[in-house]
Each structure stands twice: as C-alpha cells, then as structure tokens.
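Shown next: coords-v8.pdb, given as PDB, N, CA and C atoms.
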ATOM      1  N   MET A   1       0.848  -1.173   0.000
ATOM      2  CA  MET A   1       0.000   0.000   0.000
ATOM      3  C   MET A   1       0.892   1.233   0.000
ATOM      4  N   GLU A   2       0.595   2.197  -0.861
ATOM      5  CA  GLU A   2       1.380   3.419  -0.939
ATOM      6  C   GLU A   2       1.075   4.337   0.221
ATOM      7  N   GLU A   3       2.090   5.030   0.683
ATOM      8  CA  GLU A   3       1.909   5.996   1.758
ATOM      9  C   GLU A   3       1.236   7.238   1.200
ATOM     10  N   GLN A   4       0.156   7.661   1.837
ATOM     11  CA  GLN A   4      -0.583   8.829   1.407
ATOM     12  C   GLN A   4      -0.396   9.913   2.451
ATOM     13  N   THR A   5       0.372  10.914   2.131
ATOM     14  CA  THR A   5       0.637  11.968   3.101
ATOM     15  C   THR A   5       0.159  13.314   2.599
ATOM     16  N   ALA A   6      -0.932  13.316   1.814
ATOM     17  CA  ALA A   6      -1.468  14.580   1.335
ATOM     18  C   ALA A   6      -1.762  15.473   2.528
ATOM     19  N   SER A   7      -1.285  16.693   2.443
ATOM     20  CA  SER A   7      -1.450  17.593   3.580
ATOM     21  C   SER A   7      -2.879  18.104   3.643
ATOM     22  N   HIS A   8      -3.243  18.523   4.827
ATOM     23  CA  HIS A   8      -4.568  19.075   5.068
ATOM     24  C   HIS A   8      -4.400  20.335   5.890
ATOM     25  N   THR A   9      -5.047  21.373   5.474
ATOM     26  CA  THR A   9      -4.975  22.601   6.254
ATOM     27  C   THR A   9      -6.301  22.806   6.963
ATOM     28  N   GLY A  10      -6.254  23.479   8.060
ATOM     29  CA  GLY A  10      -7.472  23.718   8.829
ATOM     30  C   GLY A  10      -7.687  22.630   9.862
ATOM     31  N   TRP A  11      -8.784  22.693  10.535
ATOM     32  CA  TRP A  11      -9.065  21.761  11.612
ATOM     33  C   TRP A  11      -9.867  20.567  11.104
ATOM     34  N   THR A  12      -9.862  19.514  11.888
ATOM     35  CA  THR A  12     -10.646  18.315  11.580
ATOM     36  C   THR A  12     -11.380  17.887  12.842
ATOM     37  N   PHE A  13     -12.361  17.004  12.698
ATOM     38  CA  PHE A  13     -13.132  16.548  13.848
ATOM     39  C   PHE A  13     -12.374  15.521  14.685
ATOM     40  N   LEU A  14     -11.550  14.727  14.066
ATOM     41  CA  LEU A  14     -10.806  13.699  14.795
ATOM     42  C   LEU A  14      -9.324  14.033  14.814
ATOM     43  N   THR A  15      -8.690  13.758  15.934
ATOM     44  CA  THR A  15      -7.243  13.941  16.019
ATOM     45  C   THR A  15      -6.554  12.763  15.341
ATOM     46  N   ASN A  16      -5.283  12.925  15.063
ATOM     47  CA  ASN A  16      -4.508  11.817  14.504
ATOM     48  C   ASN A  16      -4.452  10.651  15.484
ATOM     49  N   HIS A  17      -4.418  10.944  16.780
ATOM     50  CA  HIS A  17      -4.410   9.882  17.787
ATOM     51  C   HIS A  17      -5.695   9.059  17.706
ATOM     52  N   ALA A  18      -6.823   9.721  17.527
ATOM     53  CA  ALA A  18      -8.100   9.009  17.415
ATOM     54  C   ALA A  18      -8.142   8.174  16.141
ATOM     55  N   ARG A  19      -7.623   8.715  15.050
ATOM     56  CA  ARG A  19      -7.596   7.964  13.790
ATOM     57  C   ARG A  19      -6.757   6.690  13.920
ATOM     58  N   VAL A  20      -5.576   6.827  14.520
ATOM     59  CA  VAL A  20      -4.693   5.668  14.679
ATOM     60  C   VAL A  20      -5.337   4.644  15.602
ATOM     61  N   LEU A  21      -5.894   5.087  16.719
ATOM     62  CA  LEU A  21      -6.538   4.169  17.656
ATOM     63  C   LEU A  21      -7.691   3.427  16.988
ATOM     64  N   ALA A  22      -8.509   4.123  16.228
ATOM     65  CA  ALA A  22      -9.636   3.486  15.539
ATOM     66  C   ALA A  22      -9.152   2.481  14.498
ATOM     67  N   ALA A  23      -8.106   2.822  13.766
ATOM     68  CA  ALA A  23      -7.577   1.908  12.746
ATOM     69  C   ALA A  23      -6.994   0.655  13.378
ATOM     70  N   VAL A  24      -6.306   0.817  14.503
ATOM     71  CA  VAL A  24      -5.732  -0.340  15.203
ATOM     72  C   VAL A  24      -6.857  -1.210  15.771
ATOM     73  N   ALA A  25      -7.903  -0.581  16.287
ATOM     74  CA  ALA A  25      -9.033  -1.347  16.820
ATOM     75  C   ALA A  25      -9.717  -2.146  15.714
ATOM     76  N   GLU A  26      -9.714  -1.620  14.516
ATOM     77  CA  GLU A  26     -10.324  -2.285  13.367
ATOM     78  C   GLU A  26      -9.472  -3.456  12.862
ATOM     79  N   ASN A  27      -8.154  -3.312  12.945
ATOM     80  CA  ASN A  27      -7.237  -4.344  12.462
ATOM     81  C   ASN A  27      -6.058  -4.426  13.422
ATOM     82  N   ARG A  28      -6.120  -5.354  14.356
ATOM     83  CA  ARG A  28      -5.117  -5.469  15.414
ATOM     84  C   ARG A  28      -3.746  -5.877  14.900
ATOM     85  N   GLN A  29      -3.657  -6.385  13.682
ATOM     86  CA  GLN A  29      -2.377  -6.833  13.137
ATOM     87  C   GLN A  29      -1.869  -5.924  12.020
ATOM     88  N   ILE A  30      -2.398  -4.725  11.948
ATOM     89  CA  ILE A  30      -2.022  -3.797  10.874
ATOM     90  C   ILE A  30      -0.540  -3.435  10.971
ATOM     91  N   ARG A  31       0.106  -3.384   9.811
ATOM     92  CA  ARG A  31       1.515  -2.986   9.763
ATOM     93  C   ARG A  31       1.623  -1.470   9.852
ATOM     94  N   MET A  32       2.713  -0.999  10.402
ATOM     95  CA  MET A  32       2.953   0.427  10.568
ATOM     96  C   MET A  32       2.806   1.163   9.233
ATOM     97  N   ARG A  33       3.340   0.596   8.181
ATOM     98  CA  ARG A  33       3.269   1.211   6.851
ATOM     99  C   ARG A  33       1.821   1.360   6.395
ATOM    100  N   ASP A  34       1.024   0.312   6.608
ATOM    101  CA  ASP A  34      -0.372   0.359   6.197
ATOM    102  C   ASP A  34      -1.189   1.304   7.080
ATOM    103  N   LEU A  35      -0.836   1.341   8.349
ATOM    104  CA  LEU A  35      -1.493   2.252   9.280
ATOM    105  C   LEU A  35      -1.227   3.703   8.874
ATOM    106  N   ALA A  36      -0.006   3.996   8.521
ATOM    107  CA  ALA A  36       0.354   5.346   8.075
ATOM    108  C   ALA A  36      -0.422   5.722   6.810
ATOM    109  N   ALA A  37      -0.494   4.812   5.864
ATOM    110  CA  ALA A  37      -1.221   5.086   4.622
ATOM    111  C   ALA A  37      -2.712   5.275   4.891
ATOM    112  N   HIS A  38      -3.276   4.426   5.730
ATOM    113  CA  HIS A  38      -4.698   4.509   6.051
ATOM    114  C   HIS A  38      -5.045   5.841   6.713
ATOM    115  N   CYS A  39      -4.201   6.291   7.611
ATOM    116  CA  CYS A  39      -4.445   7.535   8.354
ATOM    117  C   CYS A  39      -3.891   8.763   7.652
ATOM    118  N   ARG A  40      -3.224   8.541   6.525
ATOM    119  CA  ARG A  40      -2.601   9.620   5.758
ATOM    120  C   ARG A  40      -1.599  10.411   6.588
ATOM    121  N   LEU A  41      -0.735   9.654   7.258
ATOM    122  CA  LEU A  41       0.331  10.204   8.083
ATOM    123  C   LEU A  41       1.646   9.574   7.664
ATOM    124  N   THR A  42       2.738  10.136   8.123
ATOM    125  CA  THR A  42       4.025   9.504   7.880
ATOM    126  C   THR A  42       4.192   8.345   8.863
ATOM    127  N   GLU A  43       5.054   7.398   8.522
ATOM    128  CA  GLU A  43       5.325   6.296   9.440
ATOM    129  C   GLU A  43       5.906   6.813  10.750
ATOM    130  N   ARG A  44       6.736   7.823  10.668
ATOM    131  CA  ARG A  44       7.345   8.410  11.863
ATOM    132  C   ARG A  44       6.273   8.991  12.789
ATOM    133  N   ALA A  45       5.294   9.694  12.217
ATOM    134  CA  ALA A  45       4.207  10.255  13.022
ATOM    135  C   ALA A  45       3.397   9.139  13.682
ATOM    136  N   VAL A  46       3.133   8.075  12.948
ATOM    137  CA  VAL A  46       2.374   6.946  13.500
ATOM    138  C   VAL A  46       3.162   6.293  14.633
ATOM    139  N   GLN A  47       4.471   6.152  14.474
ATOM    140  CA  GLN A  47       5.289   5.579  15.544
ATOM    141  C   GLN A  47       5.185   6.415  16.818
ATOM    142  N   ARG A  48       5.239   7.732  16.684
ATOM    143  CA  ARG A  48       5.114   8.613  17.858
ATOM    144  C   ARG A  48       3.729   8.475  18.504
ATOM    145  N   ILE A  49       2.700   8.406  17.690
ATOM    146  CA  ILE A  49       1.338   8.277  18.207
ATOM    147  C   ILE A  49       1.162   6.941  18.924
ATOM    148  N   ILE A  50       1.668   5.863  18.336
ATOM    149  CA  ILE A  50       1.589   4.535  18.974
ATOM    150  C   ILE A  50       2.287   4.592  20.331
ATOM    151  N   THR A  51       3.455   5.222  20.383
ATOM    152  CA  THR A  51       4.179   5.358  21.649
ATOM    153  C   THR A  51       3.357   6.148  22.664
ATOM    154  N   ASP A  52       2.764   7.249  22.235
ATOM    155  CA  ASP A  52       1.904   8.044  23.123
ATOM    156  C   ASP A  52       0.759   7.208  23.674
ATOM    157  N   LEU A  53       0.083   6.474  22.785
ATOM    158  CA  LEU A  53      -1.070   5.676  23.193
ATOM    159  C   LEU A  53      -0.665   4.543  24.130
ATOM    160  N   GLU A  54       0.496   3.941  23.880
ATOM    161  CA  GLU A  54       0.986   2.878  24.766
ATOM    162  C   GLU A  54       1.397   3.452  26.116
ATOM    163  N   ASP A  55       2.107   4.569  26.119
ATOM    164  CA  ASP A  55       2.541   5.189  27.376
ATOM    165  C   ASP A  55       1.356   5.572  28.258
ATOM    166  N   ALA A  56       0.241   5.961  27.630
ATOM    167  CA  ALA A  56      -0.956   6.364  28.370
ATOM    168  C   ALA A  56      -1.856   5.183  28.723
ATOM    169  N   GLY A  57      -1.520   3.982  28.235
ATOM    170  CA  GLY A  57      -2.286   2.796  28.582
ATOM    171  C   GLY A  57      -3.490   2.510  27.697
ATOM    172  N   TYR A  58      -3.646   3.243  26.614
ATOM    173  CA  TYR A  58      -4.767   3.014  25.706
ATOM    174  C   TYR A  58      -4.514   1.829  24.771
ATOM    175  N   LEU A  59      -3.271   1.512  24.584
ATOM    176  CA  LEU A  59      -2.863   0.522  23.599
ATOM    177  C   LEU A  59      -1.684  -0.267  24.133
ATOM    178  N   SER A  60      -1.606  -1.525  23.768
ATOM    179  CA  SER A  60      -0.430  -2.339  24.074
ATOM    180  C   SER A  60      -0.167  -3.232  22.865
ATOM    181  N   HIS A  61       1.010  -3.811  22.834
ATOM    182  CA  HIS A  61       1.303  -4.722  21.731
ATOM    183  C   HIS A  61       2.104  -5.907  22.238
ATOM    184  N   THR A  62       1.974  -6.988  21.514
ATOM    185  CA  THR A  62       2.797  -8.168  21.744
ATOM    186  C   THR A  62       3.432  -8.527  20.414
ATOM    187  N   ARG A  63       4.588  -9.074  20.495
ATOM    188  CA  ARG A  63       5.331  -9.470  19.312
ATOM    189  C   ARG A  63       4.848 -10.848  18.879
ATOM    190  N   GLN A  64       4.537 -11.013  17.600
ATOM    191  CA  GLN A  64       4.138 -12.303  17.043
ATOM    192  C   GLN A  64       4.971 -12.507  15.780
ATOM    193  N   GLY A  65       6.054 -13.259  15.937
ATOM    194  CA  GLY A  65       6.997 -13.401  14.833
ATOM    195  C   GLY A  65       7.678 -12.069  14.581
ATOM    196  N   ARG A  66       7.584 -11.594  13.356
ATOM    197  CA  ARG A  66       8.172 -10.299  13.008
ATOM    198  C   ARG A  66       7.163  -9.161  13.080
ATOM    199  N   SER A  67       5.950  -9.467  13.483
ATOM    200  CA  SER A  67       4.885  -8.468  13.505
ATOM    201  C   SER A  67       4.440  -8.149  14.925
ATOM    202  N   ASN A  68       3.706  -7.068  15.047
ATOM    203  CA  ASN A  68       3.078  -6.694  16.305
ATOM    204  C   ASN A  68       1.586  -7.000  16.230
ATOM    205  N   VAL A  69       1.040  -7.413  17.341
ATOM    206  CA  VAL A  69      -0.407  -7.547  17.480
ATOM    207  C   VAL A  69      -0.802  -6.580  18.586
ATOM    208  N   TYR A  70      -1.702  -5.668  18.265
ATOM    209  CA  TYR A  70      -2.082  -4.614  19.182
ATOM    210  C   TYR A  70      -3.342  -4.984  19.949
ATOM    211  N   ALA A  71      -3.465  -4.421  21.134
ATOM    212  CA  ALA A  71      -4.674  -4.567  21.939
ATOM    213  C   ALA A  71      -5.061  -3.190  22.456
ATOM    214  N   VAL A  72      -6.320  -2.844  22.287
ATOM    215  CA  VAL A  72      -6.855  -1.575  22.763
ATOM    216  C   VAL A  72      -7.554  -1.837  24.084
ATOM    217  N   ASP A  73      -7.350  -0.960  25.056
ATOM    218  CA  ASP A  73      -8.042  -1.079  26.341
ATOM    219  C   ASP A  73      -9.353  -0.306  26.234
ATOM    220  N   PRO A  74     -10.472  -1.009  26.038
ATOM    221  CA  PRO A  74     -11.752  -0.328  25.823
ATOM    222  C   PRO A  74     -12.287   0.372  27.075
ATOM    223  N   SER A  75     -11.756   0.034  28.235
ATOM    224  CA  SER A  75     -12.266   0.628  29.472
ATOM    225  C   SER A  75     -11.622   1.967  29.811
ATOM    226  N   LYS A  76     -10.549   2.315  29.124
ATOM    227  CA  LYS A  76      -9.873   3.592  29.399
ATOM    228  C   LYS A  76     -10.815   4.754  29.091
ATOM    229  N   ILE A  77     -10.706   5.786  29.900
ATOM    230  CA  ILE A  77     -11.521   6.987  29.733
ATOM    231  C   ILE A  77     -10.737   7.993  28.895
ATOM    232  N   LEU A  78     -11.450   8.745  28.064
ATOM    233  CA  LEU A  78     -10.797   9.748  27.225
ATOM    234  C   LEU A  78     -10.130  10.808  28.085
ATOM    235  N   ARG A  79      -9.107  11.443  27.553
ATOM    236  CA  ARG A  79      -8.229  12.311  28.338
ATOM    237  C   ARG A  79      -8.787  13.690  28.647
ATOM    238  N   HIS A  80      -9.594  14.249  27.796
ATOM    239  CA  HIS A  80     -10.054  15.621  27.998
ATOM    240  C   HIS A  80     -11.110  15.674  29.096
ATOM    241  N   PRO A  81     -11.057  16.671  29.981
ATOM    242  CA  PRO A  81     -12.036  16.763  31.070
ATOM    243  C   PRO A  81     -13.499  16.795  30.595
ATOM    244  N   ALA A  82     -13.737  17.314  29.406
ATOM    245  CA  ALA A  82     -15.105  17.352  28.882
ATOM    246  C   ALA A  82     -15.634  15.963  28.532
ATOM    247  N   GLU A  83     -14.726  15.000  28.355
ATOM    248  CA  GLU A  83     -15.117  13.618  28.058
ATOM    249  C   GLU A  83     -14.727  12.687  29.203
ATOM    250  N   ALA A  84     -14.751  13.190  30.409
ATOM    251  CA  ALA A  84     -14.292  12.416  31.568
ATOM    252  C   ALA A  84     -15.145  11.187  31.850
ATOM    253  N   ASP A  85     -16.310  11.081  31.237
ATOM    254  CA  ASP A  85     -17.160   9.909  31.454
ATOM    255  C   ASP A  85     -17.325   9.069  30.185
ATOM    256  N   VAL A  86     -16.503   9.333  29.180
ATOM    257  CA  VAL A  86     -16.598   8.618  27.911
ATOM    258  C   VAL A  86     -15.436   7.636  27.795
ATOM    259  N   SER A  87     -15.759   6.376  27.544
ATOM    260  CA  SER A  87     -14.720   5.345  27.414
ATOM    261  C   SER A  87     -14.264   5.226  25.966
ATOM    262  N   VAL A  88     -13.127   4.602  25.798
ATOM    263  CA  VAL A  88     -12.607   4.308  24.462
ATOM    264  C   VAL A  88     -13.616   3.441  23.715
ATOM    265  N   ALA A  89     -14.227   2.488  24.403
ATOM    266  CA  ALA A  89     -15.222   1.615  23.769
ATOM    267  C   ALA A  89     -16.375   2.428  23.189
ATOM    268  N   SER A  90     -16.832   3.438  23.922
ATOM    269  CA  SER A  90     -17.930   4.278  23.438
ATOM    270  C   SER A  90     -17.517   5.052  22.198
ATOM    271  N   LEU A  91     -16.325   5.610  22.214
ATOM    272  CA  LEU A  91     -15.829   6.343  21.059
ATOM    273  C   LEU A  91     -15.726   5.435  19.840
ATOM    274  N   LEU A  92     -15.122   4.269  20.027
ATOM    275  CA  LEU A  92     -14.948   3.341  18.910
ATOM    276  C   LEU A  92     -16.285   2.832  18.390
ATOM    277  N   ALA A  93     -17.257   2.658  19.276
ATOM    278  CA  ALA A  93     -18.584   2.204  18.852
ATOM    279  C   ALA A  93     -19.250   3.229  17.945
ATOM    280  N   VAL A  94     -19.100   4.495  18.290
ATOM    281  CA  VAL A  94     -19.679   5.558  17.456
ATOM    282  C   VAL A  94     -19.000   5.572  16.087
ATOM    283  N   LEU A  95     -17.692   5.487  16.070
ATOM    284  CA  LEU A  95     -16.961   5.500  14.804
ATOM    285  C   LEU A  95     -17.278   4.266  13.967
ATOM    286  N   ALA A  96     -17.368   3.113  14.581
ATOM    287  CA  ALA A  96     -17.654   1.867  13.858
ATOM    288  C   ALA A  96     -19.072   1.880  13.306
ATOM    289  N   ARG A  97     -20.014   2.385  14.063
ATOM    290  CA  ARG A  97     -21.408   2.437  13.624
ATOM    291  C   ARG A  97     -21.521   3.314  12.388
ATOM    292  N   ASP A  98     -20.796   4.415  12.353
ATOM    293  CA  ASP A  98     -20.811   5.295  11.196
ATOM    294  C   ASP A  98     -20.226   4.591   9.977
ATOM    295  N   ASP A  99     -19.086   3.945  10.144
ATOM    296  CA  ASP A  99     -18.435   3.264   9.023
ATOM    297  C   ASP A  99     -19.241   2.079   8.523
ATOM    298  N   ALA A 100     -19.920   1.364   9.407
ATOM    299  CA  ALA A 100     -20.674   0.174   9.016
ATOM    300  C   ALA A 100     -21.808   0.527   8.067
ATOM    301  N   GLY A 101     -22.409   1.682   8.230
ATOM    302  CA  GLY A 101     -23.525   2.072   7.383
ATOM    303  C   GLY A 101     -23.120   2.708   6.075
ATOM    304  N   ARG A 102     -21.851   3.009   5.912
ATOM    305  CA  ARG A 102     -21.382   3.700   4.718
ATOM    306  C   ARG A 102     -21.106   2.698   3.608
ATOM    307  N   THR A 103     -21.810   2.866   2.466
ATOM    308  CA  THR A 103     -21.586   1.989   1.330
ATOM    309  C   THR A 103     -20.839   2.708   0.217
ATOM    310  N   THR A 104     -20.890   4.022   0.233
ATOM    311  CA  THR A 104     -20.157   4.828  -0.738
ATOM    312  C   THR A 104     -19.437   5.928   0.008
ATOM    313  N   PRO A 105     -18.472   6.552  -0.608
ATOM    314  CA  PRO A 105     -17.803   7.667   0.070
ATOM    315  C   PRO A 105     -18.821   8.730   0.463
ATOM    316  N   ALA A 106     -18.575   9.358   1.572
ATOM    317  CA  ALA A 106     -19.475  10.395   2.058
ATOM    318  C   ALA A 106     -19.590  11.525   1.036
ATOM    319  N   LEU A 107     -20.806  11.967   0.789
ATOM    320  CA  LEU A 107     -21.041  13.057  -0.133
ATOM    321  C   LEU A 107     -21.222  14.356   0.639
ATOM    322  N   PRO A 108     -20.826  15.471   0.061
ATOM    323  CA  PRO A 108     -21.020  16.742   0.761
ATOM    324  C   PRO A 108     -22.514  17.032   0.935
ATOM    325  N   VAL A 109     -22.823  17.618   2.073
ATOM    326  CA  VAL A 109     -24.207  18.002   2.354
ATOM    327  C   VAL A 109     -24.389  19.452   1.954
ATOM    328  N   ALA A 110     -25.445  19.734   1.205
ATOM    329  CA  ALA A 110     -25.677  21.109   0.744
ATOM    330  C   ALA A 110     -26.374  21.938   1.786
TER
END

Please express what this file holds, its structure, as structure tokens.
Amino acid sequence: MEEQTASHTGWTFLTNHARVLAAVAENRQIRMRDLAAHCRLTERAVQRIITDLEDAGYLSHTRQGRSNVYAVDPSKILRHPAEADVSVASLLAVLARDDAGRTTPALPVA
C-alpha cells in the first residue's frame, strides 16, 4: 500500500491519535506502513502516536513473529475533562457504527 501523506490545512473533527486508535481497533495486526497510509500520516508520526497511546495505557502490543499484534483497552476513559465519562469503547462504537452504514464515500451536504 502506498503511503498517502497529502497535507490538510485547517481543523478536523478527529485527532490523529483518534484515527490511529480506531484503525488499530479495526485491524489489530495492521503494519505500521499500512497504518500510516490509512491515516494519511508519515510512518514516523504513527510511531510517535503509537508510543503516546501505549505510554498512556490506551494501547499495548505483543510481538508475534516479526509483527506486532495490538490490543486496545476499551475501558480507558478519554483524556479531555469534557469527556471524563466517555470510554474508548464508546468512542470506537460511534466510529464503527458510522463506518458500518457507509456503502459509498461520504457526499457533501448542501
């Protein structure tokens, strides 16, 4: 898979940390290169994000041969005080529910 690092200016609804966490939750055996392409980040940025998420306890990995297998802790609470009662599981459920219903790329709303 080719790395897609097209830049984006302005703000977005999801942080890069949320994108990486959601992608790992979707595919626990995803390779760093594929994760970077999926999230449209550099591999270096994804490595830093994975380290951040592991250091904070949201994510862990085990070595399986030459690959990593990731595990997300669904019981962890989101970091921002405004989401002090929202778990990772709740966030991922909302994101997964949206993706499950999508059959075509999202169209702009007029």

Discussion item. Which residues would end up in the selection if the PyMOL selection byres (((chain A and resi 51-58 and name CA) around 8) and name CA) were applied here, given that I need the answer as a ChimeraX atom specification?
Written reply: /A:17,21,47-50,59-60,72-74,76

Practice prompt. Could you find all residues in chain A that DSSP calls helix (DSSP H, G or I) from the backbone, and write them as a ChimeraX atom specification?
Written response: /A:16-26,32-39,43-55,81-83,88-101

Written selection (N, CA and C atoms) as a CSV table (one decimal), in the coordinates of the input:
chain,number,residue,atom,x,y,z
A,16,ASN,N,-5.3,12.9,15.1
A,16,ASN,CA,-4.5,11.8,14.5
A,16,ASN,C,-4.5,10.7,15.5
A,17,HIS,N,-4.4,10.9,16.8
A,17,HIS,CA,-4.4,9.9,17.8
A,17,HIS,C,-5.7,9.1,17.7
A,18,ALA,N,-6.8,9.7,17.5
A,18,ALA,CA,-8.1,9.0,17.4
A,18,ALA,C,-8.1,8.2,16.1
A,19,ARG,N,-7.6,8.7,15.0
A,19,ARG,CA,-7.6,8.0,13.8
A,19,ARG,C,-6.8,6.7,13.9
A,20,VAL,N,-5.6,6.8,14.5
A,20,VAL,CA,-4.7,5.7,14.7
A,20,VAL,C,-5.3,4.6,15.6
A,21,LEU,N,-5.9,5.1,16.7
A,21,LEU,CA,-6.5,4.2,17.7
A,21,LEU,C,-7.7,3.4,17.0
A,22,ALA,N,-8.5,4.1,16.2
A,22,ALA,CA,-9.6,3.5,15.5
A,22,ALA,C,-9.2,2.5,14.5
A,23,ALA,N,-8.1,2.8,13.8
A,23,ALA,CA,-7.6,1.9,12.7
A,23,ALA,C,-7.0,0.7,13.4
A,24,VAL,N,-6.3,0.8,14.5
A,24,VAL,CA,-5.7,-0.3,15.2
A,24,VAL,C,-6.9,-1.2,15.8
A,25,ALA,N,-7.9,-0.6,16.3
A,25,ALA,CA,-9.0,-1.3,16.8
A,25,ALA,C,-9.7,-2.1,15.7
A,26,GLU,N,-9.7,-1.6,14.5
A,26,GLU,CA,-10.3,-2.3,13.4
A,26,GLU,C,-9.5,-3.5,12.9
A,32,MET,N,2.7,-1.0,10.4
A,32,MET,CA,3.0,0.4,10.6
A,32,MET,C,2.8,1.2,9.2
A,33,ARG,N,3.3,0.6,8.2
A,33,ARG,CA,3.3,1.2,6.9
A,33,ARG,C,1.8,1.4,6.4
A,34,ASP,N,1.0,0.3,6.6
A,34,ASP,CA,-0.4,0.4,6.2
A,34,ASP,C,-1.2,1.3,7.1
A,35,LEU,N,-0.8,1.3,8.3
A,35,LEU,CA,-1.5,2.3,9.3
A,35,LEU,C,-1.2,3.7,8.9
A,36,ALA,N,0.0,4.0,8.5
A,36,ALA,CA,0.4,5.3,8.1
A,36,ALA,C,-0.4,5.7,6.8
A,37,ALA,N,-0.5,4.8,5.9
A,37,ALA,CA,-1.2,5.1,4.6
A,37,ALA,C,-2.7,5.3,4.9
A,38,HIS,N,-3.3,4.4,5.7
A,38,HIS,CA,-4.7,4.5,6.1
A,38,HIS,C,-5.0,5.8,6.7
A,39,CYS,N,-4.2,6.3,7.6
A,39,CYS,CA,-4.4,7.5,8.4
A,39,CYS,C,-3.9,8.8,7.7
A,43,GLU,N,5.1,7.4,8.5
A,43,GLU,CA,5.3,6.3,9.4
A,43,GLU,C,5.9,6.8,10.8
A,44,ARG,N,6.7,7.8,10.7
A,44,ARG,CA,7.3,8.4,11.9
A,44,ARG,C,6.3,9.0,12.8
A,45,ALA,N,5.3,9.7,12.2
A,45,ALA,CA,4.2,10.3,13.0
A,45,ALA,C,3.4,9.1,13.7
A,46,VAL,N,3.1,8.1,12.9
A,46,VAL,CA,2.4,6.9,13.5
A,46,VAL,C,3.2,6.3,14.6
A,47,GLN,N,4.5,6.2,14.5
A,47,GLN,CA,5.3,5.6,15.5
A,47,GLN,C,5.2,6.4,16.8
A,48,ARG,N,5.2,7.7,16.7
A,48,ARG,CA,5.1,8.6,17.9
A,48,ARG,C,3.7,8.5,18.5
A,49,ILE,N,2.7,8.4,17.7
A,49,ILE,CA,1.3,8.3,18.2
A,49,ILE,C,1.2,6.9,18.9
A,50,ILE,N,1.7,5.9,18.3
A,50,ILE,CA,1.6,4.5,19.0
A,50,ILE,C,2.3,4.6,20.3
A,51,THR,N,3.5,5.2,20.4
A,51,THR,CA,4.2,5.4,21.6
A,51,THR,C,3.4,6.1,22.7
A,52,ASP,N,2.8,7.2,22.2
A,52,ASP,CA,1.9,8.0,23.1
A,52,ASP,C,0.8,7.2,23.7
A,53,LEU,N,0.1,6.5,22.8
A,53,LEU,CA,-1.1,5.7,23.2
A,53,LEU,C,-0.7,4.5,24.1
A,54,GLU,N,0.5,3.9,23.9
A,54,GLU,CA,1.0,2.9,24.8
A,54,GLU,C,1.4,3.5,26.1
A,55,ASP,N,2.1,4.6,26.1
A,55,ASP,CA,2.5,5.2,27.4
A,55,ASP,C,1.4,5.6,28.3
A,81,PRO,N,-11.1,16.7,30.0
A,81,PRO,CA,-12.0,16.8,31.1
A,81,PRO,C,-13.5,16.8,30.6
A,82,ALA,N,-13.7,17.3,29.4
A,82,ALA,CA,-15.1,17.4,28.9
A,82,ALA,C,-15.6,16.0,28.5
A,83,GLU,N,-14.7,15.0,28.4
A,83,GLU,CA,-15.1,13.6,28.1
A,83,GLU,C,-14.7,12.7,29.2
A,88,VAL,N,-13.1,4.6,25.8
A,88,VAL,CA,-12.6,4.3,24.5
A,88,VAL,C,-13.6,3.4,23.7
A,89,ALA,N,-14.2,2.5,24.4
A,89,ALA,CA,-15.2,1.6,23.8
A,89,ALA,C,-16.4,2.4,23.2
A,90,SER,N,-16.8,3.4,23.9
A,90,SER,CA,-17.9,4.3,23.4
A,90,SER,C,-17.5,5.1,22.2
A,91,LEU,N,-16.3,5.6,22.2
A,91,LEU,CA,-15.8,6.3,21.1
A,91,LEU,C,-15.7,5.4,19.8
A,92,LEU,N,-15.1,4.3,20.0
A,92,LEU,CA,-14.9,3.3,18.9
A,92,LEU,C,-16.3,2.8,18.4
A,93,ALA,N,-17.3,2.7,19.3
A,93,ALA,CA,-18.6,2.2,18.9
A,93,ALA,C,-19.2,3.2,17.9
A,94,VAL,N,-19.1,4.5,18.3
A,94,VAL,CA,-19.7,5.6,17.5
A,94,VAL,C,-19.0,5.6,16.1
A,95,LEU,N,-17.7,5.5,16.1
A,95,LEU,CA,-17.0,5.5,14.8
A,95,LEU,C,-17.3,4.3,14.0
A,96,ALA,N,-17.4,3.1,14.6
A,96,ALA,CA,-17.7,1.9,13.9
A,96,ALA,C,-19.1,1.9,13.3
A,97,ARG,N,-20.0,2.4,14.1
A,97,ARG,CA,-21.4,2.4,13.6
A,97,ARG,C,-21.5,3.3,12.4
A,98,ASP,N,-20.8,4.4,12.4
A,98,ASP,CA,-20.8,5.3,11.2
A,98,ASP,C,-20.2,4.6,10.0
A,99,ASP,N,-19.1,3.9,10.1
A,99,ASP,CA,-18.4,3.3,9.0
A,99,ASP,C,-19.2,2.1,8.5
A,100,ALA,N,-19.9,1.4,9.4
A,100,ALA,CA,-20.7,0.2,9.0
A,100,ALA,C,-21.8,0.5,8.1
A,101,GLY,N,-22.4,1.7,8.2
A,101,GLY,CA,-23.5,2.1,7.4
A,101,GLY,C,-23.1,2.7,6.1

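Atom to atom, CA of Asp85 in chain A and CA of Asn27 in chain A stand 25.7 Å apart.
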
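The gap separating CA of Glu43 in chain A from CA of Ile77 in chain A is 26.4 Å, in Å to one decimal.
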
Practice prompt. Write down as a PyMOL selection string the residues belonging to chain A that are assigned strand (DSSP E or B) by DSSP computed on the backbone.
Written response: chain A and resi 59-64+67-72+77+87

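Between CA of Arg66 in chain A and atom C of Asn16 in chain A lies a distance of 24.6 Å.
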
Discussion item. Which residues are close to His61 in chain A, i.e. within 6.5 Å by all atoms listed in the file, leaving aside same-chain residues fewer than 2 positions away? Reply as a ChimeraX atom specification.
Written reply: /A:59,63,68-71

May I have the selected residues written with N, CA and C atoms, as a compact mmCIF listing (two decimals), in the coordinates of the input?
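Output file out_10.txt follows:
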# COMPACT_ATOMS: atom_id res chain seq x y z
N LEU A 59 -3.27 1.51 24.58
CA LEU A 59 -2.86 0.52 23.60
C LEU A 59 -1.68 -0.27 24.13
N ARG A 63 4.59 -9.07 20.50
CA ARG A 63 5.33 -9.47 19.31
C ARG A 63 4.85 -10.85 18.88
N ASN A 68 3.71 -7.07 15.05
CA ASN A 68 3.08 -6.69 16.30
C ASN A 68 1.59 -7.00 16.23
N VAL A 69 1.04 -7.41 17.34
CA VAL A 69 -0.41 -7.55 17.48
C VAL A 69 -0.80 -6.58 18.59
N TYR A 70 -1.70 -5.67 18.26
CA TYR A 70 -2.08 -4.61 19.18
C TYR A 70 -3.34 -4.98 19.95
N ALA A 71 -3.46 -4.42 21.13
CA ALA A 71 -4.67 -4.57 21.94
C ALA A 71 -5.06 -3.19 22.46
